[in-house]
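As stored in input.txt (compact mmCIF, C-alpha atoms and all ligand atoms):
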```txt
# COMPACT_ATOMS: atom_id res chain seq x y z
CA MET A 22 264.37 54.47 -53.08
CA ARG A 23 267.46 52.28 -52.88
CA ASP A 24 267.78 49.27 -55.15
CA PRO A 25 265.29 46.83 -53.56
CA ALA A 26 267.23 43.72 -54.63
CA ALA A 27 270.39 45.04 -52.93
CA ALA A 28 268.43 45.96 -49.80
CA LEU A 29 266.95 42.45 -49.67
CA ALA A 30 270.37 40.85 -50.09
CA GLU A 31 271.70 42.94 -47.23
CA ARG A 32 268.80 41.85 -45.05
CA GLU A 33 269.53 38.24 -45.90
CA ALA A 34 273.21 38.69 -44.96
CA GLN A 35 272.17 40.07 -41.57
CA GLY A 36 270.03 37.03 -40.83
CA LEU A 37 266.94 39.25 -40.81
CA TYR A 38 265.19 37.99 -43.93
CA ARG A 39 261.65 36.85 -43.20
CA ARG A 40 260.13 33.91 -45.04
CA ARG A 41 256.68 32.43 -44.94
CA ARG A 42 256.35 28.68 -44.55
CA THR A 43 253.44 26.99 -46.24
CA LEU A 44 251.84 24.48 -43.92
CA THR A 45 249.27 21.78 -44.49
CA ALA A 46 247.23 19.57 -42.19
CA LEU A 47 246.96 21.80 -39.17
CA ARG A 48 245.25 20.17 -36.20
CA ASP A 49 246.10 20.01 -32.50
CA SER A 50 249.61 21.49 -33.01
CA ARG A 51 250.49 18.90 -35.68
CA VAL A 52 251.43 20.40 -39.03
CA ARG A 53 253.08 19.26 -42.23
CA LEU A 54 255.86 21.27 -43.85
CA ASP A 55 257.31 20.16 -47.20
CA GLY A 56 255.73 16.76 -46.59
CA ARG A 57 257.33 16.34 -43.13
CA PRO A 58 255.23 16.16 -39.95
CA LEU A 59 256.18 18.71 -37.29
CA LEU A 60 254.87 19.61 -33.88
CA ALA A 61 254.14 23.34 -33.76
CA PHE A 62 255.00 25.41 -30.69
CA CYS A 63 254.38 28.73 -32.38
CA SER A 64 250.65 29.31 -32.72
CA ASN A 65 248.63 31.73 -30.58
CA ASP A 66 245.84 29.15 -30.51
CA TYR A 67 246.31 28.93 -26.74
CA LEU A 68 243.14 27.03 -25.91
CA GLY A 69 243.30 24.66 -28.89
CA LEU A 70 240.09 26.02 -30.40
CA ALA A 71 241.24 26.80 -33.96
CA GLY A 72 240.62 23.17 -34.92
CA ASP A 73 237.51 22.63 -32.81
CA PRO A 74 234.83 20.85 -34.89
CA ARG A 75 231.99 22.55 -32.97
CA ILE A 76 233.21 25.98 -34.05
CA ALA A 77 233.75 24.75 -37.62
CA ARG A 78 230.17 23.48 -37.64
CA ALA A 79 228.89 26.83 -36.36
CA LEU A 80 230.78 28.54 -39.20
CA GLN A 81 229.13 26.20 -41.72
CA GLU A 82 225.68 26.77 -40.25
CA GLY A 83 226.33 30.51 -40.20
CA ALA A 84 227.28 30.45 -43.88
CA ASP A 85 224.17 28.42 -44.75
CA ARG A 86 221.98 30.96 -43.00
CA TRP A 87 223.83 34.26 -43.71
CA GLY A 88 226.01 33.60 -46.74
CA THR A 89 229.71 34.23 -47.00
CA GLY A 90 230.07 38.00 -46.89
CA ALA A 91 228.59 41.04 -45.15
CA GLY A 92 228.56 42.94 -48.43
CA SER A 93 229.43 46.36 -47.05
CA ALA A 94 230.70 48.28 -44.05
CA HIS A 95 228.75 48.13 -40.76
CA LEU A 96 227.45 51.68 -41.21
CA VAL A 97 226.26 51.18 -44.78
CA CYS A 98 224.21 47.97 -44.64
CA GLY A 99 226.66 45.32 -43.43
CA HIS A 100 225.71 45.12 -39.73
CA TYR A 101 223.75 41.89 -39.24
CA ALA A 102 221.97 40.24 -36.32
CA PRO A 103 224.92 37.87 -35.54
CA HIS A 104 227.28 40.89 -35.26
CA GLU A 105 224.87 42.52 -32.83
CA ALA A 106 224.47 39.30 -30.81
CA LEU A 107 228.26 38.84 -30.64
CA GLU A 108 228.81 42.43 -29.49
CA GLU A 109 226.27 41.93 -26.71
CA ALA A 110 227.88 38.65 -25.65
CA LEU A 111 231.37 40.20 -25.63
CA ALA A 112 230.15 43.15 -23.55
CA GLU A 113 228.68 40.74 -21.03
CA PHE A 114 231.80 38.54 -21.04
CA THR A 115 234.08 41.50 -20.35
CA GLY A 116 231.69 43.12 -17.86
CA ARG A 117 231.47 46.33 -19.90
CA PRO A 118 228.57 48.43 -21.12
CA ARG A 119 229.28 47.88 -24.81
CA ALA A 120 231.53 46.15 -27.31
CA LEU A 121 232.29 47.01 -30.93
CA LEU A 122 233.60 44.52 -33.50
CA PHE A 123 236.56 45.38 -35.70
CA SER A 124 237.86 43.32 -38.61
CA THR A 125 241.29 42.81 -36.99
CA GLY A 126 243.15 43.79 -33.84
CA TYR A 127 245.56 45.83 -35.90
CA MET A 128 242.66 47.90 -37.23
CA ALA A 129 241.05 48.18 -33.79
CA ASN A 130 244.19 49.74 -32.32
CA LEU A 131 244.58 52.13 -35.25
CA GLY A 132 240.92 53.12 -34.92
CA VAL A 133 240.82 53.67 -31.17
CA ILE A 134 243.91 55.84 -31.07
CA GLN A 135 243.03 57.83 -34.18
CA ALA A 136 239.48 58.43 -32.84
CA LEU A 137 240.55 59.55 -29.36
CA VAL A 138 243.88 61.28 -29.90
CA GLY A 139 244.25 64.39 -32.03
CA ARG A 140 247.25 65.88 -33.80
CA GLY A 141 249.85 66.97 -31.25
CA ASP A 142 248.10 65.30 -28.28
CA ARG A 143 250.37 63.50 -25.85
CA LEU A 144 250.24 59.68 -25.83
CA TRP A 145 252.32 57.37 -23.61
CA GLU A 146 253.18 53.79 -24.52
CA ASP A 147 255.33 50.96 -23.19
CA ARG A 148 258.52 50.65 -25.24
CA LEU A 149 257.66 47.05 -26.20
CA ASN A 150 254.05 47.66 -27.21
CA HIS A 151 252.70 45.87 -30.27
CA ALA A 152 253.39 47.54 -33.62
CA SER A 153 249.71 48.37 -34.14
CA LEU A 154 249.66 50.59 -31.04
CA ILE A 155 252.72 52.43 -32.31
CA ASP A 156 251.26 52.77 -35.79
CA GLY A 157 248.01 54.12 -34.33
CA ALA A 158 249.98 56.92 -32.70
CA LEU A 159 251.76 57.71 -35.98
CA LEU A 160 248.48 57.74 -37.90
CA ALA A 161 246.93 60.11 -35.34
CA ARG A 162 250.02 62.37 -35.57
CA ALA A 163 250.13 62.20 -31.78
CA ARG A 164 253.15 63.25 -29.72
CA LEU A 165 254.19 59.72 -28.80
CA ARG A 166 256.35 59.19 -25.72
CA ARG A 167 257.56 55.74 -24.70
CA TYR A 168 258.48 54.58 -21.21
CA PRO A 169 260.90 51.70 -20.44
CA HIS A 170 259.30 48.27 -20.56
CA LEU A 171 257.02 47.76 -17.50
CA ASP A 172 258.30 50.97 -15.90
CA PRO A 173 255.90 53.90 -16.26
CA SER A 174 257.77 56.09 -13.76
CA PRO A 175 258.52 58.80 -16.40
CA LEU A 176 254.77 59.52 -16.42
CA GLU A 177 254.93 60.71 -12.83
CA ALA A 178 257.02 63.69 -13.89
CA ASP A 179 254.83 64.47 -16.92
CA ARG A 180 252.96 67.70 -16.30
CA GLN A 181 251.50 67.85 -19.81
CA ALA A 182 248.45 65.67 -19.30
CA PRO A 183 248.44 62.84 -21.86
CA ARG A 184 245.22 62.00 -23.63
CA VAL A 185 245.80 58.24 -23.70
CA ILE A 186 248.10 55.69 -22.04
CA ALA A 187 248.28 52.48 -24.09
CA THR A 188 249.84 49.13 -23.22
CA ASP A 189 249.77 45.48 -24.13
CA GLY A 190 248.22 43.49 -21.25
CA LEU A 191 250.36 40.37 -21.81
CA PHE A 192 253.41 41.18 -23.93
CA SER A 193 253.50 39.03 -27.03
CA MET A 194 257.27 38.51 -27.34
CA ASP A 195 258.18 38.42 -23.63
CA GLY A 196 255.21 36.76 -21.97
CA ASP A 197 255.20 39.21 -19.05
CA LEU A 198 252.33 41.36 -17.76
CA ALA A 199 251.91 45.14 -17.77
CA PRO A 200 251.78 46.78 -14.31
CA LEU A 201 248.10 47.56 -14.81
CA PRO A 202 247.08 48.65 -11.28
CA ARG A 203 249.84 51.26 -11.32
CA LEU A 204 248.99 52.38 -14.85
CA ALA A 205 245.34 52.71 -13.84
CA ASP A 206 246.35 54.94 -10.90
CA LEU A 207 248.55 57.08 -13.14
CA ALA A 208 245.82 57.39 -15.77
CA ARG A 209 243.40 58.57 -13.13
CA GLU A 210 245.86 61.12 -11.71
CA LEU A 211 246.72 62.45 -15.15
CA GLY A 212 243.16 62.39 -16.48
CA ALA A 213 244.11 60.06 -19.36
CA TRP A 214 242.22 57.18 -20.95
CA LEU A 215 243.93 53.85 -20.31
CA LEU A 216 243.84 51.49 -23.29
CA VAL A 217 244.80 47.84 -22.70
CA ASP A 218 245.47 45.59 -25.69
CA ASP A 219 244.79 42.12 -24.29
CA ALA A 220 245.31 40.16 -27.51
CA HIS A 221 247.23 37.43 -25.68
CA GLY A 222 245.59 37.50 -22.24
CA LEU A 223 241.94 37.25 -23.17
CA GLY A 224 240.58 33.73 -22.77
CA VAL A 225 243.87 32.62 -21.20
CA LEU A 226 244.35 34.52 -17.93
CA GLY A 227 241.89 34.88 -15.07
CA ALA A 228 239.73 32.13 -13.60
CA ASN A 229 237.01 32.81 -16.19
CA GLY A 230 239.29 33.68 -19.09
CA GLY A 231 238.60 37.38 -18.61
CA GLY A 232 242.27 38.06 -19.34
CA THR A 233 244.81 40.39 -17.82
CA LEU A 234 242.10 42.63 -16.35
CA GLU A 235 240.46 39.73 -14.54
CA HIS A 236 243.91 38.60 -13.37
CA PHE A 237 244.44 42.01 -11.73
CA GLY A 238 240.78 42.47 -10.71
CA LEU A 239 240.38 45.71 -12.68
CA GLY A 240 236.97 46.79 -13.95
CA VAL A 241 235.81 49.29 -16.53
CA ASP A 242 236.08 52.09 -13.93
CA ARG A 243 239.88 51.57 -13.78
CA VAL A 244 240.52 50.56 -17.40
CA PRO A 245 237.96 52.18 -19.67
CA LEU A 246 239.29 50.82 -22.99
CA LEU A 247 239.86 47.11 -23.57
CA MET A 248 240.91 45.78 -26.96
CA GLY A 249 240.61 42.01 -27.40
CA THR A 250 241.36 39.82 -30.39
CA LEU A 251 239.43 36.78 -31.58
CA GLY A 252 242.14 35.15 -33.69
CA LYS A 253 244.26 33.91 -30.81
CA ALA A 254 242.75 32.07 -27.81
CA PHE A 255 239.30 32.22 -29.44
CA GLY A 256 240.60 30.31 -32.46
CA VAL A 257 238.63 32.40 -34.95
CA PHE A 258 239.38 35.85 -36.44
CA GLY A 259 238.70 39.51 -35.72
CA ALA A 260 238.76 41.82 -32.74
CA PHE A 261 236.66 44.08 -30.56
CA VAL A 262 236.85 47.07 -28.27
CA ALA A 263 234.82 46.98 -25.03
CA ALA A 264 234.19 50.30 -23.29
CA PRO A 265 231.58 52.68 -21.87
CA GLU A 266 228.80 53.78 -24.20
CA PRO A 267 230.11 57.26 -25.14
CA LEU A 268 233.52 55.86 -26.10
CA ILE A 269 231.97 53.18 -28.30
CA GLU A 270 229.76 55.79 -29.98
CA THR A 271 232.86 57.93 -30.54
CA LEU A 272 234.52 55.00 -32.30
CA ILE A 273 231.48 54.42 -34.50
CA GLN A 274 231.51 58.10 -35.50
CA HIS A 275 235.27 58.62 -35.90
CA ALA A 276 237.35 55.42 -36.13
CA ARG A 277 238.31 55.32 -39.80
CA SER A 278 239.43 51.67 -39.69
CA TYR A 279 235.89 50.86 -38.51
CA ILE A 280 233.98 53.09 -40.90
CA TYR A 281 235.83 52.51 -44.16
CA THR A 282 236.06 48.74 -44.31
CA THR A 283 233.75 45.82 -45.06
CA ALA A 284 232.18 44.23 -41.97
CA PRO A 285 233.40 40.71 -41.13
CA PRO A 286 231.19 37.91 -42.51
CA PRO A 287 228.14 37.38 -40.26
CA ALA A 288 228.90 33.62 -40.39
CA LEU A 289 232.17 34.39 -38.62
CA ALA A 290 230.21 36.09 -35.84
CA VAL A 291 228.10 32.93 -35.49
CA ALA A 292 231.29 30.85 -35.17
CA THR A 293 232.77 33.33 -32.67
CA LEU A 294 229.65 33.08 -30.48
CA LYS A 295 230.30 29.35 -30.30
CA ALA A 296 233.98 29.96 -29.47
CA LEU A 297 233.00 32.38 -26.71
CA GLU A 298 230.66 29.80 -25.19
CA ILE A 299 233.52 27.26 -25.13
CA VAL A 300 235.98 29.81 -23.67
CA ARG A 301 233.48 30.49 -20.88
CA THR A 302 232.41 26.96 -20.07
CA GLU A 303 235.53 24.82 -20.59
CA GLY A 304 237.73 26.04 -17.77
CA TRP A 305 239.66 22.74 -17.98
CA ARG A 306 241.43 24.16 -21.05
CA ARG A 307 242.98 26.93 -18.95
CA ALA A 308 243.86 24.48 -16.17
CA HIS A 309 245.53 22.09 -18.63
CA LEU A 310 247.41 24.96 -20.30
CA ASN A 311 248.67 26.24 -16.94
CA ALA A 312 249.87 22.73 -16.06
CA LEU A 313 251.82 22.59 -19.35
CA VAL A 314 253.40 26.00 -18.63
CA ALA A 315 254.51 24.80 -15.18
CA LEU A 316 255.87 21.55 -16.64
CA PHE A 317 257.79 23.39 -19.39
CA ARG A 318 259.40 25.83 -16.96
CA GLU A 319 260.34 23.17 -14.45
CA GLU A 320 262.00 20.95 -17.06
CA ALA A 321 263.64 23.85 -18.92
CA GLU A 322 265.06 25.21 -15.70
CA ARG A 323 266.39 21.80 -14.70
CA ARG A 324 268.29 21.70 -17.99
CA GLY A 325 269.63 25.23 -17.66
CA LEU A 326 267.78 26.70 -20.64
CA PRO A 327 267.73 30.53 -20.81
CA LEU A 328 264.15 31.09 -19.65
CA MET A 329 262.68 34.57 -19.40
CA ASP A 330 260.50 35.82 -16.56
CA SER A 331 257.14 34.63 -17.85
CA ALA A 332 254.37 32.69 -16.13
CA THR A 333 252.19 32.61 -19.26
CA PRO A 334 251.90 30.33 -22.33
CA ILE A 335 254.42 32.60 -24.11
CA GLN A 336 257.80 31.15 -23.10
CA PRO A 337 260.66 32.82 -24.96
CA LEU A 338 264.22 31.49 -24.77
CA LEU A 339 266.88 34.14 -25.34
CA ALA A 340 269.35 33.29 -28.10
CA GLY A 341 271.20 36.61 -28.55
CA SER A 342 272.07 37.32 -32.17
CA ALA A 343 269.61 36.85 -35.02
CA ALA A 344 271.92 34.24 -36.58
CA ARG A 345 272.03 32.20 -33.39
CA ALA A 346 268.25 32.27 -32.96
CA LEU A 347 267.86 31.17 -36.56
CA ALA A 348 270.36 28.32 -36.17
CA TRP A 349 268.51 27.11 -33.08
CA SER A 350 265.16 27.23 -34.83
CA ARG A 351 266.54 25.25 -37.82
CA ALA A 352 268.09 22.60 -35.59
CA LEU A 353 264.75 22.13 -33.83
CA GLU A 354 262.99 21.77 -37.14
CA GLU A 355 265.31 18.90 -38.03
CA ARG A 356 264.13 17.19 -34.85
CA GLY A 357 260.47 17.71 -35.73
CA PHE A 358 259.61 20.90 -33.83
CA LEU A 359 258.41 24.13 -35.38
CA VAL A 360 259.54 27.05 -33.20
CA PRO A 361 260.12 30.43 -34.84
CA ALA A 362 263.18 32.63 -34.33
CA ILE A 363 262.00 36.14 -33.44
CA ARG A 364 264.50 38.74 -34.63
CA PRO A 365 264.86 42.51 -34.76
CA PRO A 366 262.99 44.72 -35.39
CA THR A 367 260.23 42.68 -33.71
CA VAL A 368 262.51 42.50 -30.64
CA PRO A 369 265.47 44.74 -29.71
CA GLY A 370 268.89 44.04 -31.24
CA GLY A 371 270.93 41.37 -29.40
CA ARG A 372 267.76 39.94 -27.88
CA ALA A 373 266.71 37.59 -30.66
CA ARG A 374 264.93 34.57 -29.26
CA LEU A 375 262.90 31.46 -29.79
CA ARG A 376 259.27 32.20 -29.11
CA ILE A 377 257.71 29.05 -27.73
CA THR A 378 253.97 29.07 -27.23
CA LEU A 379 252.06 26.38 -25.39
CA SER A 380 248.51 25.33 -26.15
CA ALA A 381 245.80 23.30 -24.48
CA ALA A 382 245.89 21.17 -27.65
CA GLN A 383 249.26 19.77 -26.56
CA ARG A 384 250.03 16.82 -24.31
CA PRO A 385 252.62 16.71 -21.52
CA GLU A 386 254.77 14.15 -23.43
CA GLN A 387 254.99 16.56 -26.34
CA VAL A 388 256.18 19.37 -24.09
CA LEU A 389 258.78 17.05 -22.55
CA GLY A 390 259.93 16.11 -26.06
CA LEU A 391 260.37 19.77 -26.93
CA VAL A 392 262.45 20.50 -23.83
CA GLU A 393 264.68 17.53 -24.63
CA ALA A 394 265.20 18.77 -28.20
CA LEU A 395 265.87 22.31 -26.97
CA ALA A 396 268.57 21.09 -24.60
CA ALA A 397 270.18 18.81 -27.21
CA THR A 398 270.24 21.39 -30.02
CA ARG A 399 271.56 24.13 -27.76
CA GLU A 400 274.78 22.17 -27.25
CA ASP A 401 275.64 22.49 -30.95
CA LEU A 402 274.85 26.18 -31.40
CA PRO A 403 277.64 28.50 -32.48
CA GLU A 404 279.05 30.78 -29.79
CA ASP A 405 277.45 34.18 -29.94
CA PRO A 406 279.99 36.73 -31.16
CA CYS A 407 278.12 39.49 -29.35
CA PRO A 408 276.15 38.00 -26.45
CA ALA A 409 273.15 39.94 -25.13
C1 LIG B 1 248.03 39.92 -32.69
C2 LIG B 1 248.05 41.21 -32.00
C3 LIG B 1 247.36 42.32 -32.49
C4 LIG B 1 246.69 42.30 -33.83
O1 LIG B 1 245.55 41.51 -33.85
P1 LIG B 1 245.07 40.91 -35.23
O2 LIG B 1 243.66 40.54 -35.01
O3 LIG B 1 245.96 39.75 -35.52
O4 LIG B 1 245.24 42.00 -36.26
C5 LIG B 1 247.33 43.46 -31.74
N1 LIG B 1 247.99 43.54 -30.57
C6 LIG B 1 248.70 42.52 -30.09
C7 LIG B 1 249.41 42.67 -28.78
C8 LIG B 1 248.77 41.33 -30.79
O5 LIG B 1 249.50 40.32 -30.34
```
How would this structure read if it were set down as structure tokens?
Ligand SMILES: *Cc1c(COP(=O)(O)O)cnc(C)c1O
Amino acid sequence: MRDPAAALAEREAQGLYRRRRTLTALRDSRVRLDGRPLLAFCSNDYLGLAGDPRIARALQEGADRWGTGAGSAHLVCGHYAPHEALEEALAEFTGRPRALLFSTGYMANLGVIQALVGRGDRLWEDRLNHASLIDGALLARARLRRYPHLDPSPLEADRQAPRVIATDGLFSMDGDLAPLPRLADLARELGAWLLVDDAHGLGVLGANGGGTLEHFGLGVDRVPLLMGTLGKAFGVFGAFVAAPEPLIETLIQHARSYIYTTAPPPALAVATLKALEIVRTEGWRRAHLNALVALFREEAERRGLPLMDSATPIQPLLAGSAARALAWSRALEERGFLVPAIRPPTVPGGRARLRITLSAAQRPEQVLGLVEALAATREDLPEDPCPA
């Protein structure tokens, strides 16, 4: 391996160095960083549930009743009644025969692909799919092919039937939606399983929070495999796959990231049941969030900000180079707004951006304040030497 210190210095010089920020006092988008209060527009807590006291109380009650840890993997002796109840509730919520909990969405995607795709099997993915879907293909030693973002036309010419077609539902760095009806048609024609990773759509899109699939009106017959995460709109932690019975049983038998890991704490399942109840019953959160998205876009457009084509709570603003995105993010921080610069390799080169996320925890005045700061700080940004 190369000298790691030199490699890190080179990364720094390219404006690609990643640093964690240690926050305190997180509640309703208000955080504290190095003692300074900031308004965060970067969390995936779309419905404002991560700080909900009812879910916190359910977690406490769950811990009182079930303790703090599951103690072993689900298949050994770590599968408890709250896990079972949560799986049943998630199956019902998604309108699918069964659901299976995974510890994280990353592990769920690894597990599904590795369980269903063998060495040398063909697998198609959108070019901008989440890293975990790509890594799942590598782990399975699949023959991975990628189609241009949102354009699955290369599949039409593919005569070597793929085993799986996998896509994000709502793309995490662009905020746009996969062409799911067309992908479902193609999957049917090619005899492939369609896997939709709806980490960002679930709870947010659709009248009932059913996500990208509800938005497009697609049931389990059209999209057999749905992966959903619980750490974003649900405000908790973990993930699940919802699918027909034989697919879920296949995962239990073969998904290594399910079999060889400790089950999530049962108390967390108790808290997630509470979160699911709130996602289902408090439709006003989605309505409020949609109103904030509309307000942000209207004001940003009026001020000529470089909006992307997104109608969702993920509202990226293109900056161009990594250095320019970073400068913009730093200038916003000085004005009290926490908005991360997203740089390569998370996004393609020359397409670095601010990733703004809206949340039902925010108020319209706060969104207006952000747009004002975005417009003011943009004036002072350096010219991009190599514009996108
Ligand atoms: C966040 C995310 C994941 C991973 O989920 P975790 O539960 O955070 O591991 C998977 N896919 C997409 C599209 C995501 O945004």
Within 8 Å of range 77-86 of chain A using all atoms listed in the file, minus same-chain residues under 2 positions, as a VMD selection string: chain A and resid 72 to 75 88 to 89 287 to 289 291 to 292 295
Counting all atoms listed in the file, find the residues whose atoms lie at most 12 Å from (263.4, 19.7, -28.5) (file coordinates) and write them out as a PyMOL selection string. chain A and resi 59-62+317+320-321+324+326+349-360+375+377+386-400
Take the point (240.7, 34.8, -30.4) in the file's coordinates, draw a sphere of radius 9 Å around it, and report as an mmCIF file with C-alpha atoms, keeping the file's coordinate frame every protein, DNA or RNA residue with an atom inside or on it, counting all atoms listed in the file.
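Saved file part_33.cif follows:
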```cif
data_model
loop_
_atom_site.group_PDB
_atom_site.id
_atom_site.type_symbol
_atom_site.label_atom_id
_atom_site.label_comp_id
_atom_site.auth_asym_id
_atom_site.auth_seq_id
_atom_site.Cartn_x
_atom_site.Cartn_y
_atom_site.Cartn_z
ATOM 1 C CA ASN A 65 248.630 31.730 -30.580
ATOM 2 C CA ASP A 66 245.840 29.150 -30.510
ATOM 3 C CA TYR A 67 246.310 28.930 -26.740
ATOM 4 C CA LEU A 70 240.090 26.020 -30.400
ATOM 5 C CA ALA A 71 241.240 26.800 -33.960
ATOM 6 C CA ALA A 220 245.310 40.160 -27.510
ATOM 7 C CA HIS A 221 247.230 37.430 -25.680
ATOM 8 C CA LEU A 223 241.940 37.250 -23.170
ATOM 9 C CA GLY A 224 240.580 33.730 -22.770
ATOM 10 C CA GLY A 249 240.610 42.010 -27.400
ATOM 11 C CA THR A 250 241.360 39.820 -30.390
ATOM 12 C CA LEU A 251 239.430 36.780 -31.580
ATOM 13 C CA GLY A 252 242.140 35.150 -33.690
ATOM 14 C CA LYS A 253 244.260 33.910 -30.810
ATOM 15 C CA ALA A 254 242.750 32.070 -27.810
ATOM 16 C CA PHE A 255 239.300 32.220 -29.440
ATOM 17 C CA GLY A 256 240.600 30.310 -32.460
ATOM 18 C CA VAL A 257 238.630 32.400 -34.950
ATOM 19 C CA PHE A 258 239.380 35.850 -36.440
ATOM 20 C CA GLY A 259 238.700 39.510 -35.720
ATOM 21 C CA ALA A 260 238.760 41.820 -32.740
ATOM 22 C CA THR A 293 232.770 33.330 -32.670
ATOM 23 C CA ALA A 296 233.980 29.960 -29.470
ATOM 24 C CA LEU A 297 233.000 32.380 -26.710
#
```
Please identify all polymer residues within 12 Å of Gln135 in chain A, counting only C-alpha atoms, omitting same-chain residues fewer than 2 positions from it, and present them as a PyMOL selection string. chain A and resi 128-133+137-142+144+153-163+184-185+271-272+274-279
Let's have the selection written as a CSV table (one decimal), in the coordinates of the input, with C-alpha atoms.
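See selection_22.csv below for the written result:
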```
chain,number,residue,atom,x,y,z
A,128,MET,CA,242.7,47.9,-37.2
A,129,ALA,CA,241.0,48.2,-33.8
A,130,ASN,CA,244.2,49.7,-32.3
A,131,LEU,CA,244.6,52.1,-35.2
A,132,GLY,CA,240.9,53.1,-34.9
A,133,VAL,CA,240.8,53.7,-31.2
A,137,LEU,CA,240.6,59.6,-29.4
A,138,VAL,CA,243.9,61.3,-29.9
A,139,GLY,CA,244.2,64.4,-32.0
A,140,ARG,CA,247.2,65.9,-33.8
A,141,GLY,CA,249.8,67.0,-31.2
A,142,ASP,CA,248.1,65.3,-28.3
A,144,LEU,CA,250.2,59.7,-25.8
A,153,SER,CA,249.7,48.4,-34.1
A,154,LEU,CA,249.7,50.6,-31.0
A,155,ILE,CA,252.7,52.4,-32.3
A,156,ASP,CA,251.3,52.8,-35.8
A,157,GLY,CA,248.0,54.1,-34.3
A,158,ALA,CA,250.0,56.9,-32.7
A,159,LEU,CA,251.8,57.7,-36.0
A,160,LEU,CA,248.5,57.7,-37.9
A,161,ALA,CA,246.9,60.1,-35.3
A,162,ARG,CA,250.0,62.4,-35.6
A,163,ALA,CA,250.1,62.2,-31.8
A,184,ARG,CA,245.2,62.0,-23.6
A,185,VAL,CA,245.8,58.2,-23.7
A,271,THR,CA,232.9,57.9,-30.5
A,272,LEU,CA,234.5,55.0,-32.3
A,274,GLN,CA,231.5,58.1,-35.5
A,275,HIS,CA,235.3,58.6,-35.9
A,276,ALA,CA,237.4,55.4,-36.1
A,277,ARG,CA,238.3,55.3,-39.8
A,278,SER,CA,239.4,51.7,-39.7
A,279,TYR,CA,235.9,50.9,-38.5
```
Rounded to one decimal, what separation in Å do you get between CA of Gly99 in chain A and CA of Ala284 in chain A?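 A separation of 5.8 Å between them.
Here the question is which of A:Gly36, A:Gly196, A:Gly190, A:Pro103 gets nearest to ligand LIG 1 (chain B) using all atoms listed in the file, and that residue is A:Gly190.
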Can you list, as a PyMOL selection string, every protein, DNA or RNA residue that comes within 9 Å of Leu198 in chain A when you count all atoms listed in the file, leaving out same-chain residues fewer than 4 positions away? chain A and resi 171+189-192+222+233+331+333
Hey, what's within 10 Å of Leu211 in chain A if we count only C-alpha atoms and toss same-chain stuff fewer than 6 positions away? As a list in words, please?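 Here the answer would be Leu176, Glu177, Asp179, Arg180, Gln181, Ala182, Pro183, Arg184, Val185, Ile186 and Ala205 of chain A.
With only C-alpha atoms and all ligand atoms as the atoms that count, the residue of A:Met194, A:Leu37, A:Leu68, A:Leu121 with the shortest distance to ligand LIG 1 (chain B) is A:Met194.
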CA of His95 in chain A and CA of Ile76 in chain A, how far apart in Å?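 These atoms are spaced 23.6 Å apart.
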